[in-house]
Amino acid sequence: MNTAPSLAFAESEFRKASRSVPDKNCVRVARRDGWVELRDDKTVFGASDDQRLVFTAEEFDAFLAGAREGCTKGLCLEITCRGVDGMYVFRRRGWAAVELVFTEAELLAFRDGVANREFDAIAYTA
């Protein structure tokens, strides 16, 4: 269940992986005060359809570690491929009210950012 408080992350707090093509859409991640939000920058920031996946920093750090080891089963972020159109759906495990949908290129850029520790807490303090 999504129980996070309203964090009111500013648009400038969200970052995407360095592998992402400049000026192209991608997965955006923000971290602050023990919380992490993911958003899809194909939507206008702050618009009514600008949905977010929200995790505690502890949950998201466990996902990052698992993803780097190739094992995310049972962790907070579930990523599945929609067979019909080849798009990738990001969901908070156990809470399907919000889905973010990305292309394979967007997914691969996100995975590269995970592998290169671009979304680790330390990367947001520099």
# chains A, B, ... in the order shown; residues from 1 in each chain; ligands from 1
call {"tool": "residues_around", "arguments": {"residues": "Leu53 in chain A", "least_positions_apart": "2", "cutoff": "8 Å", "atoms": "only C-alpha atoms", "output": "list in words"}}
result
Glu37, Leu38, Arg39, Gln51, Phe55, Arg91, Arg92, Val98, Glu99 and Leu100 of chain A
call {"tool": "write_last_selection", "arguments": {"atoms": "C-alpha atoms", "output": "PDB file, in the first residue's frame"}}
result
ATOM      1  CA  GLU A  37       9.443   8.682  -5.904  1.00  0.00           C
ATOM      2  CA  LEU A  38       9.478   7.465  -9.491  1.00  0.00           C
ATOM      3  CA  ARG A  39       7.657   9.317 -12.247  1.00  0.00           C
ATOM      4  CA  GLN A  51       1.329   9.709 -11.167  1.00  0.00           C
ATOM      5  CA  PHE A  55       8.727   3.858  -1.718  1.00  0.00           C
ATOM      6  CA  ARG A  91       4.174  -0.975 -10.345  1.00  0.00           C
ATOM      7  CA  ARG A  92       4.603  -0.897  -6.628  1.00  0.00           C
ATOM      8  CA  VAL A  98      -0.535   3.417 -10.221  1.00  0.00           C
ATOM      9  CA  GLU A  99       1.281   2.115 -13.279  1.00  0.00           C
ATOM     10  CA  LEU A 100       4.078   3.843 -15.137  1.00  0.00           C
TER      11      LEU A 100
END
call {"tool": "residues_around", "arguments": {"residues": "Glu69 in chain A", "least_positions_apart": "6", "cutoff": "12 Å", "atoms": "only C-alpha atoms", "output": "count of residues only"}}
result
5
call {"tool": "residues_around", "arguments": {"residues": "Arg82 in chain A", "least_positions_apart": "2", "cutoff": "12 Å", "atoms": "only C-alpha atoms", "output": "list in words"}}
result
Ile79, Thr80, Val84, Asp85, Gly86, Met87, Tyr88, Val89, Phe90, Glu99, Leu100, Val101, Phe102, Thr103 and Glu104 of chain A
call {"tool": "residues_around", "arguments": {"residues": "range 44-46 of chain A", "least_positions_apart": "6", "cutoff": "10 Å", "atoms": "only C-alpha atoms", "output": "ChimeraX atom specification"}}
result
/A:8-11
call {"tool": "closest_residue", "arguments": {"among": "A:Asp50, A:Ala57, A:Ser12, A:Asp120", "to": "Arg32 in chain A", "atoms": "only C-alpha atoms"}}
result
A:Ala57
